[in-house]
Every structure is written in structure tokens, then in C-alpha cells.
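Here's protein_14.pdb, which has PDB, C-alpha atoms, pLDDT in the B column:
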MODEL        1
ATOM      1  CA  MET A  55      58.261 176.500  97.324  1.00 68.00           C
ATOM      2  CA  GLY A  56      60.085 176.620 100.648  1.00 80.00           C
ATOM      3  CA  PRO A  57      61.898 173.779 102.416  1.00 87.00           C
ATOM      4  CA  GLN A  58      59.864 170.998 104.002  1.00 93.00           C
ATOM      5  CA  LEU A  59      60.045 171.465 107.765  1.00 95.00           C
ATOM      6  CA  VAL A  60      59.026 168.672 110.135  1.00 96.00           C
ATOM      7  CA  SER A  61      59.413 167.775 113.789  1.00 95.00           C
ATOM      8  CA  LYS A  62      62.044 165.349 115.046  1.00 93.00           C
ATOM      9  CA  GLY A  63      59.425 162.638 115.413  1.00 94.00           C
ATOM     10  CA  GLU A  64      58.109 163.168 111.892  1.00 95.00           C
ATOM     11  CA  PHE A  65      61.631 163.130 110.474  1.00 95.00           C
ATOM     12  CA  ALA A  66      62.391 159.935 112.387  1.00 95.00           C
ATOM     13  CA  ALA A  67      59.369 158.276 110.786  1.00 94.00           C
ATOM     14  CA  MET A  68      60.403 159.499 107.361  1.00 94.00           C
ATOM     15  CA  ILE A  69      63.856 157.930 107.532  1.00 94.00           C
ATOM     16  CA  ASN A  70      62.715 154.833 109.438  1.00 93.00           C
ATOM     17  CA  VAL A  71      64.617 155.376 112.692  1.00 94.00           C
ATOM     18  CA  SER A  72      63.554 156.156 116.254  1.00 93.00           C
ATOM     19  CA  PRO A  73      63.154 159.758 117.477  1.00 92.00           C
ATOM     20  CA  GLY A  74      65.984 159.100 119.935  1.00 92.00           C
ATOM     21  CA  ARG A  75      68.240 158.206 117.042  1.00 94.00           C
ATOM     22  CA  VAL A  76      67.450 161.535 115.361  1.00 93.00           C
ATOM     23  CA  SER A  77      68.422 163.307 118.596  1.00 92.00           C
ATOM     24  CA  GLN A  78      71.727 161.397 118.509  1.00 94.00           C
ATOM     25  CA  PHE A  79      72.319 162.486 114.916  1.00 94.00           C
ATOM     26  CA  ILE A  80      71.793 166.118 115.942  1.00 93.00           C
ATOM     27  CA  ALA A  81      73.984 165.850 119.050  1.00 91.00           C
ATOM     28  CA  ALA A  82      76.795 164.221 117.050  1.00 91.00           C
ATOM     29  CA  GLY A  83      76.625 166.908 114.362  1.00 91.00           C
ATOM     30  CA  GLN A  84      75.597 164.345 111.749  1.00 93.00           C
ATOM     31  CA  ILE A  85      72.598 166.574 111.174  1.00 95.00           C
ATOM     32  CA  SER A  86      74.083 170.053 110.978  1.00 93.00           C
ATOM     33  CA  ALA A  87      72.792 173.202 112.637  1.00 92.00           C
ATOM     34  CA  ALA A  88      72.016 174.531 109.149  1.00 92.00           C
ATOM     35  CA  ALA A  89      69.324 171.821 108.841  1.00 94.00           C
ATOM     36  CA  MET A  90      67.618 172.962 112.061  1.00 95.00           C
ATOM     37  CA  VAL A  91      65.038 175.737 112.215  1.00 93.00           C
ATOM     38  CA  GLY A  92      64.370 177.052 115.701  1.00 90.00           C
ATOM     39  CA  SER A  93      65.567 175.488 118.939  1.00 84.00           C
ATOM     40  CA  GLY A  94      64.415 173.352 121.818  1.00 81.00           C
ATOM     41  CA  GLN A  95      61.266 171.221 121.708  1.00 81.00           C
ATOM     42  CA  ARG A  96      59.724 173.362 118.962  1.00 86.00           C
ATOM     43  CA  ALA A  97      62.744 173.001 116.632  1.00 92.00           C
ATOM     44  CA  LYS A  98      61.967 171.873 113.096  1.00 95.00           C
ATOM     45  CA  ILE A  99      64.128 169.928 110.687  1.00 96.00           C
ATOM     46  CA  ASP A 100      64.706 170.860 107.048  1.00 96.00           C
ATOM     47  CA  VAL A 101      64.069 167.420 105.541  1.00 95.00           C
ATOM     48  CA  GLU A 102      66.237 167.558 102.426  1.00 95.00           C
ATOM     49  CA  ARG A 103      69.082 169.397 104.158  1.00 95.00           C
ATOM     50  CA  ALA A 104      69.114 166.887 107.000  1.00 95.00           C
ATOM     51  CA  LYS A 105      69.043 163.957 104.574  1.00 95.00           C
ATOM     52  CA  ALA A 106      71.933 165.485 102.645  1.00 93.00           C
ATOM     53  CA  ASP A 107      73.879 165.777 105.917  1.00 93.00           C
ATOM     54  CA  LEU A 108      73.218 162.149 106.773  1.00 93.00           C
ATOM     55  CA  ARG A 109      74.213 160.936 103.330  1.00 91.00           C
ATOM     56  CA  LEU A 110      77.606 162.534 103.917  1.00 87.00           C
ATOM     57  CA  THR A 111      78.104 161.547 107.548  1.00 82.00           C
ATOM     58  CA  LEU A 112      76.652 158.034 107.798  1.00 79.00           C
ATOM     59  CA  ASP A 113      78.585 155.037 106.522  1.00 63.00           C
ATOM     60  CA  VAL A 114      76.935 151.980 105.021  1.00 51.00           C
ATOM     61  CA  SER A 115      77.053 149.935 108.208  1.00 50.00           C
ATOM     62  CA  GLN A 116      75.150 152.635 110.083  1.00 58.00           C
ATOM     63  CA  ARG A 117      72.594 153.040 107.324  1.00 54.00           C
ATOM     64  CA  LEU A 118      71.924 149.335 107.174  1.00 54.00           C
ATOM     65  CA  GLY A 119      72.357 148.580 110.859  1.00 54.00           C
ATOM     66  CA  ASN A 120      70.743 145.319 111.963  1.00 41.00           C
ATOM     67  CA  GLY A 121      69.356 144.848 108.457  1.00 42.00           C
ATOM     68  CA  ALA A 122      67.030 147.874 108.716  1.00 46.00           C
ATOM     69  CA  SER A 123      67.175 150.511 106.003  1.00 55.00           C
ATOM     70  CA  THR A 124      67.572 154.205 106.753  1.00 63.00           C
ATOM     71  CA  ASN A 125      65.666 156.216 104.179  1.00 64.00           C
ATOM     72  CA  ILE A 126      67.784 159.300 103.482  1.00 65.00           C
ATOM     73  CA  ASP A 127      67.502 159.493  99.705  1.00 60.00           C
ATOM     74  CA  PRO A 128      66.613 162.975  98.434  1.00 57.00           C
ATOM     75  CA  GLY A 129      62.945 163.555  97.704  1.00 51.00           C
ATOM     76  CA  LEU A 130      61.741 160.478  99.630  1.00 45.00           C
ATOM     77  CA  SER A 131      59.604 161.451 102.578  1.00 43.00           C
ATOM     78  CA  GLY A 132      57.295 158.462 103.068  1.00 43.00           C
ATOM     79  CA  ALA A 133      57.311 156.670 106.367  1.00 40.00           C
ATOM     80  CA  ALA A 134      57.274 153.167 104.881  1.00 40.00           C
ATOM     81  CA  PRO A 135      60.601 151.288 105.053  1.00 39.00           C
ATOM     82  CA  ILE A 136      62.466 151.033 101.798  1.00 35.00           C
ATOM     83  CA  SER A 137      64.600 148.010 101.030  1.00 37.00           C
ATOM     84  CA  ALA A 138      68.359 148.439 101.170  1.00 38.00           C
ATOM     85  CA  PRO A 139      69.078 148.148  97.402  1.00 38.00           C
ATOM     86  CA  ASN A 140      66.803 151.148  96.725  1.00 40.00           C
ATOM     87  CA  VAL A 141      68.086 153.279  99.576  1.00 40.00           C
ATOM     88  CA  TYR A 142      71.495 154.156  98.179  1.00 43.00           C
ATOM     89  CA  ASP A 143      73.681 153.604  95.174  1.00 47.00           C
ATOM     90  CA  PRO A 144      76.309 151.053  96.201  1.00 46.00           C
ATOM     91  CA  GLU A 145      78.585 151.653  93.227  1.00 48.00           C
ATOM     92  CA  PRO A 146      80.586 154.601  94.638  1.00 54.00           C
ATOM     93  CA  ILE A 147      81.041 152.774  97.945  1.00 50.00           C
ATOM     94  CA  LEU A 148      82.072 149.549  96.234  1.00 51.00           C
ATOM     95  CA  GLY A 149      84.436 151.549  94.024  1.00 57.00           C
ATOM     96  CA  ILE A 150      86.127 153.111  97.050  1.00 63.00           C
ATOM     97  CA  ASP A 151      86.342 149.727  98.753  1.00 61.00           C
ATOM     98  CA  HIS A 152      87.991 148.256  95.657  1.00 63.00           C
ATOM     99  CA  LYS A 153      90.519 151.084  95.510  1.00 69.00           C
ATOM    100  CA  ILE A 154      91.403 150.610  99.176  1.00 75.00           C
ATOM    101  CA  LYS A 155      91.912 146.867  98.674  1.00 70.00           C
ATOM    102  CA  GLN A 156      93.956 147.522  95.522  1.00 75.00           C
ATOM    103  CA  GLN A 157      96.194 149.947  97.416  1.00 80.00           C
ATOM    104  CA  LYS A 158      96.688 147.409 100.206  1.00 78.00           C
ATOM    105  CA  PHE A 159      97.529 144.769  97.611  1.00 77.00           C
ATOM    106  CA  GLU A 160     100.111 147.029  95.959  1.00 82.00           C
ATOM    107  CA  GLN A 161     101.610 147.850  99.367  1.00 83.00           C
ATOM    108  CA  LEU A 162     102.006 144.138 100.091  1.00 81.00           C
ATOM    109  CA  GLN A 163     103.640 143.624  96.703  1.00 78.00           C
ATOM    110  CA  ARG A 164     106.121 146.440  97.363  1.00 84.00           C
ATOM    111  CA  ALA A 165     106.870 145.064 100.830  1.00 84.00           C
ATOM    112  CA  ASN A 166     107.511 141.603  99.357  1.00 80.00           C
ATOM    113  CA  ARG A 167     109.802 143.033  96.672  1.00 82.00           C
ATOM    114  CA  ASN A 168     111.762 145.122  99.174  1.00 83.00           C
ATOM    115  CA  ALA A 169     112.144 142.134 101.486  1.00 83.00           C
ATOM    116  CA  ALA A 170     113.354 139.954  98.592  1.00 80.00           C
ATOM    117  CA  VAL A 171     115.904 142.591  97.528  1.00 77.00           C
ATOM    118  CA  ALA A 172     117.192 142.947 101.100  1.00 81.00           C
ATOM    119  CA  GLU A 173     117.485 139.173 101.463  1.00 80.00           C
ATOM    120  CA  ALA A 174     119.337 138.846  98.148  1.00 77.00           C
ATOM    121  CA  ARG A 175     121.717 141.665  99.130  1.00 77.00           C
ATOM    122  CA  ASP A 176     122.457 140.028 102.499  1.00 80.00           C
ATOM    123  CA  ALA A 177     123.086 136.715 100.735  1.00 78.00           C
ATOM    124  CA  GLY A 178     125.600 138.363  98.379  1.00 73.00           C
ATOM    125  CA  GLN A 179     123.424 137.962  95.302  1.00 70.00           C
ATOM    126  CA  LEU A 180     123.358 141.711  94.675  1.00 71.00           C
ATOM    127  CA  THR A 181     126.261 144.122  94.424  1.00 71.00           C
ATOM    128  CA  ASP A 182     126.969 147.635  93.185  1.00 70.00           C
ATOM    129  CA  ALA A 183     127.997 147.287  89.513  1.00 68.00           C
ATOM    130  CA  GLN A 184     130.152 150.435  89.660  1.00 72.00           C
ATOM    131  CA  ALA A 185     131.930 149.201  92.776  1.00 73.00           C
ATOM    132  CA  ALA A 186     132.467 145.781  91.176  1.00 70.00           C
ATOM    133  CA  LYS A 187     133.954 147.411  88.059  1.00 67.00           C
ATOM    134  CA  ALA A 188     136.362 149.503  90.136  1.00 76.00           C
ATOM    135  CA  GLU A 189     137.354 146.456  92.182  1.00 76.00           C
ATOM    136  CA  MET A 190     138.144 144.386  89.086  1.00 73.00           C
ATOM    137  CA  ILE A 191     140.383 147.146  87.690  1.00 71.00           C
ATOM    138  CA  LYS A 192     142.083 147.405  91.074  1.00 79.00           C
ATOM    139  CA  ILE A 193     142.746 143.660  91.145  1.00 81.00           C
ATOM    140  CA  ALA A 194     144.251 143.734  87.641  1.00 71.00           C
ATOM    141  CA  ALA A 195     146.521 146.643  88.630  1.00 75.00           C
ATOM    142  CA  SER A 196     147.631 144.901  91.828  1.00 80.00           C
ATOM    143  CA  MET A 197     148.617 141.766  89.888  1.00 77.00           C
ATOM    144  CA  LEU A 198     150.771 143.860  87.554  1.00 71.00           C
ATOM    145  CA  ASP A 199     152.390 145.382  90.640  1.00 80.00           C
ATOM    146  CA  VAL A 200     153.234 141.883  91.867  1.00 81.00           C
ATOM    147  CA  PHE A 201     154.997 141.063  88.601  1.00 72.00           C
ATOM    148  CA  ASP A 202     156.769 144.421  88.650  1.00 79.00           C
ATOM    149  CA  GLY A 203     158.018 143.779  92.157  1.00 83.00           C
ATOM    150  CA  GLY A 204     159.362 140.368  91.111  1.00 86.00           C
ATOM    151  CA  ILE A 205     161.585 141.724  88.320  1.00 88.00           C
ATOM    152  CA  ASN A 206     164.628 141.965  90.611  1.00 86.00           C
ATOM    153  CA  ASP A 207     164.376 138.302  91.582  1.00 88.00           C
ATOM    154  CA  MET A 208     163.798 137.222  87.978  1.00 87.00           C
ATOM    155  CA  ALA A 209     166.728 139.350  86.754  1.00 83.00           C
ATOM    156  CA  MET A 210     169.036 137.808  89.345  1.00 88.00           C
ATOM    157  CA  ALA A 211     167.953 134.294  88.347  1.00 90.00           C
ATOM    158  CA  VAL A 212     168.435 134.942  84.604  1.00 87.00           C
ATOM    159  CA  ALA A 213     171.791 136.681  85.140  1.00 87.00           C
ATOM    160  CA  ALA A 214     173.093 133.806  87.258  1.00 90.00           C
ATOM    161  CA  LYS A 215     171.838 131.150  84.814  1.00 86.00           C
ATOM    162  CA  PHE A 216     173.379 132.694  81.703  1.00 89.00           C
ATOM    163  CA  GLU A 217     176.290 134.481  83.394  1.00 85.00           C
ATOM    164  CA  LEU A 218     175.109 137.934  82.328  1.00 89.00           C
ATOM    165  CA  PRO A 219     175.405 141.266  84.141  1.00 91.00           C
ATOM    166  CA  GLN A 220     172.435 141.517  86.481  1.00 87.00           C
ATOM    167  CA  ARG A 221     172.022 145.273  85.841  1.00 89.00           C
ATOM    168  CA  ASP A 222     171.697 144.749  82.079  1.00 88.00           C
ATOM    169  CA  VAL A 223     169.206 141.925  82.489  1.00 84.00           C
ATOM    170  CA  LYS A 224     167.145 143.956  84.956  1.00 85.00           C
ATOM    171  CA  HIS A 225     167.099 146.993  82.634  1.00 88.00           C
ATOM    172  CA  LEU A 226     165.990 144.862  79.673  1.00 89.00           C
ATOM    173  CA  MET A 227     163.233 143.167  81.690  1.00 85.00           C
ATOM    174  CA  ARG A 228     161.913 146.471  83.012  1.00 88.00           C
ATOM    175  CA  THR A 229     161.800 147.926  79.486  1.00 90.00           C
ATOM    176  CA  VAL A 230     159.871 144.934  78.166  1.00 87.00           C
ATOM    177  CA  PHE A 231     157.605 144.785  81.186  1.00 83.00           C
ATOM    178  CA  ARG A 232     156.780 148.490  80.826  1.00 85.00           C
ATOM    179  CA  ASP A 233     155.370 147.827  77.384  1.00 86.00           C
ATOM    180  CA  VAL A 234     153.470 144.793  78.670  1.00 82.00           C
ATOM    181  CA  ARG A 235     152.057 146.820  81.555  1.00 82.00           C
ATOM    182  CA  GLU A 236     150.830 149.614  79.273  1.00 85.00           C
ATOM    183  CA  ARG A 237     149.096 147.140  76.975  1.00 86.00           C
ATOM    184  CA  ALA A 238     147.513 145.341  79.929  1.00 79.00           C
ATOM    185  CA  ALA A 239     146.309 148.624  81.432  1.00 76.00           C
ATOM    186  CA  LYS A 240     144.738 149.622  78.110  1.00 81.00           C
ATOM    187  CA  VAL A 241     142.911 146.299  77.844  1.00 81.00           C
ATOM    188  CA  ALA A 242     141.682 146.626  81.446  1.00 73.00           C
ATOM    189  CA  ARG A 243     140.339 150.128  80.762  1.00 76.00           C
ATOM    190  CA  GLU A 244     138.569 149.011  77.595  1.00 78.00           C
ATOM    191  CA  ARG A 245     136.982 146.036  79.294  1.00 76.00           C
ATOM    192  CA  GLY A 246     135.955 148.193  82.230  1.00 68.00           C
ATOM    193  CA  ALA A 247     134.265 150.658  79.876  1.00 73.00           C
ATOM    194  CA  GLU A 248     132.336 147.799  78.260  1.00 73.00           C
ATOM    195  CA  MET A 249     130.921 146.622  81.579  1.00 68.00           C
ATOM    196  CA  PRO A 250     127.339 147.874  82.153  1.00 67.00           C
ATOM    197  CA  ASP A 251     126.596 150.265  84.987  1.00 64.00           C
ATOM    198  CA  LEU A 252     123.663 148.016  85.919  1.00 60.00           C
ATOM    199  CA  ALA A 253     123.333 144.274  85.596  1.00 63.00           C
ATOM    200  CA  SER A 254     119.946 142.591  85.663  1.00 66.00           C
ATOM    201  CA  THR A 255     119.166 139.714  87.962  1.00 68.00           C
ATOM    202  CA  THR A 256     116.088 137.697  88.843  1.00 70.00           C
ATOM    203  CA  ILE A 257     114.837 137.754  92.429  1.00 67.00           C
ATOM    204  CA  GLU A 258     112.144 135.367  93.536  1.00 67.00           C
ATOM    205  CA  THR A 259     109.379 136.922  95.649  1.00 62.00           C
ATOM    206  CA  GLU A 260     106.500 135.341  97.476  1.00 61.00           C
ATOM    207  CA  GLU A 261     103.235 135.441  95.565  1.00 59.00           C
ATOM    208  CA  THR A 262     100.575 137.698  97.060  1.00 56.00           C
ATOM    209  CA  ASP A 263      96.991 136.601  96.662  1.00 56.00           C
ATOM    210  CA  GLN A 264      94.785 139.636  96.157  1.00 53.00           C
ATOM    211  CA  THR A 265      91.763 137.730  97.402  1.00 52.00           C
ATOM    212  CA  ALA A 266      93.399 137.538 100.810  1.00 50.00           C
ATOM    213  CA  VAL A 267      93.671 141.328 101.071  1.00 50.00           C
ATOM    214  CA  THR A 268      90.793 142.697 103.132  1.00 51.00           C
TER     215      THR A 268
ENDMDL
END

I'd like the structure from this file rewritten - as C-alpha cells, please.
Amino acid sequence: MGPQLVSKGEFAAMINVSPGRVSQFIAAGQISAAAMVGSGQRAKIDVERAKADLRLTLDVSQRLGNGASTNIDPGLSGAAPISAPNVYDPEPILGIDHKIKQQKFEQLQRANRNAAVAEARDAGQLTDAQAAKAEMIKIAASMLDVFDGGINDMAMAVAAKFELPQRDVKHLMRTVFRDVRERAAKVARERGAEMPDLASTTIETEETDQTAVT
């Protein structure tokens, strides 16, 4: 059995729209050239092919414009209007709509998290753990340098107090301080190795209401 071919007016009656609307569908390419047989006023429309085109090219708002149903289900060729719930299966459309809203919701959540992280970083609540570790080791080393630089003054004070040769006192203090410095450096390295590369923190973000995402 061949395809069902009808005129534009007959097809308009079948899908419950005006003949002018069918002409608009054809002009806009919403009914493809493959669904047309012939040309001009005598052109015929392949019913099922044209309906298949419209199911792909018309969105829900167009199909239910002004509350009127557009009958483009396959195999339905009656002229009587068909109520909207029977015209199309809403589940795929609702599923797509849900996915779009879910994606928007997730985008808002990411934006909120990124904004919270940026705000915490600007407020000094976040820092690079590796950089902090290196800075702490640097501070410990600089303090040892301060003590090392003060040995001359301490040696002079001790030598004057106890009437000892300053050179001998200075040599003894440097020997002792060298041992102290090595032990302190070892402790600093061990503590630095124990520090985690990442430290967790809690950042408050604004709650996003999914019901507000449209």
C-alpha cells in the first residue's frame, strides 16, 4: 500500500490547523520537500511523512498554541480535534525539561561554590599549604640566623663578666650553637614532612533552591 497523499486543505483538516498554517509549515521547511509530491497548486502531501516532519520541528508551545491541539500523531488522519493529552507523549519533553533545570541548578551550585572560595581566599581564610610549609621552615631558619649573628655580642658579654679570653668564649659558643642548630634544623625538617600537602576547611555557601530554577 502506497503513501496516503492529500491536498494542503485536506492535510490542514487532518491536523486541525488552517490551510494557511500548512503553507507556513512548508515555507519554513517544517514540512520537508520529501513529504511533497508534485508542485504548485496541484501538489500533494504525504500524510505520514509530513506528520513525522512536524513532530520533529514543532515544539510543544506551537503544537498546543492557544489551547488548540495539532493532530500530528502517526496513523491519525481524522479531522476531529483530539485533546492535548492524547496528541503527544509528554514524558520525553518533561524529561528534557527536567534535565535542563537540573543542569541550571548544578551551574548555580558551582557558581556559588566558586564565589565562596574566592571570597574566603580574599579574606585570608585559604592559603597554599605547600607555600605555608615552606614559609614556616624559612621563619625557623631565619630565627636561628638571628641567634647565630648574636654570638659575638654574647661572647663579649660573657668574656667581660668572667674575665675570660673573648676568642675562647666565642669559639666554645659557636661549637655548642652548631650542634643546637643541626638539631633544630632536623626537627624543623621532620615537622615540615609531617604537615599535610592539603588542609581541609569549611566554607559556607548560600543555599540554592532548586524550585527557583526555571

Show me as an mmCIF file with C-alpha atoms, in the frame of the given file the residues that reach within 7 Å of (63.7, 173.2, 107.5), counting only C-alpha atoms and using the file's own coordinates.
data_model
loop_
_atom_site.group_PDB
_atom_site.id
_atom_site.type_symbol
_atom_site.label_atom_id
_atom_site.label_comp_id
_atom_site.auth_asym_id
_atom_site.auth_seq_id
_atom_site.Cartn_x
_atom_site.Cartn_y
_atom_site.Cartn_z
ATOM 1 C CA PRO A 57 61.898 173.779 102.416
ATOM 2 C CA GLN A 58 59.864 170.998 104.002
ATOM 3 C CA LEU A 59 60.045 171.465 107.765
ATOM 4 C CA ALA A 89 69.324 171.821 108.841
ATOM 5 C CA MET A 90 67.618 172.962 112.061
ATOM 6 C CA VAL A 91 65.038 175.737 112.215
ATOM 7 C CA LYS A 98 61.967 171.873 113.096
ATOM 8 C CA ILE A 99 64.128 169.928 110.687
ATOM 9 C CA ASP A 100 64.706 170.860 107.048
ATOM 10 C CA VAL A 101 64.069 167.420 105.541
#

* **Protein, DNA and RNA residues within 9 Å of (171.5, 138.8, 89.1), all atoms listed in the file, as a PyMOL selection string** => chain A and resi 206-215+217-221+223-224

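Comparing A:Ala87, A:Val234, A:Gly92, A:Gln184 by their smallest distance to Asp107 of chain A, the closest is A:Ala87 (using only C-alpha atoms).
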
* To do: Using only C-alpha atoms, pick whichever of A:Lys155, A:Glu173, A:Leu198, A:Gly203 has the shortest atom-to-atom distance to Arg237 of chain A.
  =>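 Of A:Lys155, A:Glu173, A:Leu198, A:Gly203, the one nearest Arg237 of chain A, counting only C-alpha atoms, is A:Leu198.
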
* **d(atom CA of Ala88 of chain A, atom CA of Leu112 of chain A) in Å** =>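 These atoms are spaced 17.2 Å apart.
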
* To do: Tell me, as a list of chain:residue names, which residues lie within 12 Å of Ile191 of chain A, counting only C-alpha atoms; anything in the same chain fewer than 4 positions away does not count.
  =>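 Residues meeting the cut-off are A:Gln184, A:Ala185, A:Ala186, A:Lys187, A:Ala195, A:Ser196, A:Met197, A:Leu198, A:Ala238, A:Ala239, A:Lys240, A:Val241, A:Ala242, A:Arg243, A:Glu244, A:Arg245, A:Gly246, A:Ala247, A:Met249.
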
* To do: Kindly indicate which residue among A:Arg109, A:Lys62, A:Arg228, A:Arg75 lies nearest to Ala97 of chain A, using all atoms listed in the file for the distances.
  => A:Lys62

* To do: Measure the distance from atom CA of Ala104 of chain A to atom CA of Ile85 of chain A in Å and round it to one decimal.
  =>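 According to the coordinates, atom CA of Ala104 of chain A and atom CA of Ile85 of chain A are separated by 5.4 Å.
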
* To do: Report the distance between atom CA of Val200 of chain A and atom CA of Glu248 of chain A in Å, rounded to one decimal place.
  =>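 Here the two named atoms are 25.6 Å from each other.
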
* To do: Name all residues at most 9 Å from Gly63 of chain A (count all atoms listed in the file; drop same-chain ones fewer than 6 positions away) and give them as number ranges by chain.
  => A: 72-74, 76

Around all the atoms of segment 200-207 of chain A listed in the file, draw an axis-aligned box and extend it by 5 Å on each of the six sides; I want its centre and edge lengths in Å to one decimal, as AutoDock Vina command-line options.
--center_x 158.9 --center_y 141.4 --center_z 90.2 --size_x 21.4 --size_y 16.1 --size_z 13.8

* Which residue, A:Ile80, A:Gln95, A:Arg175, A:Leu108, has the smallest gap to Ser61 of chain A when you use only C-alpha atoms? ->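 Residue with the minimum atom-to-atom distance to Ser61 of chain A: A:Gln95.
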
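Using only C-alpha atoms, the shortest contact distance between Lys105 of chain A and any of A:Asn168, A:Met68, A:Gln163, A:Glu236 is found at A:Met68.
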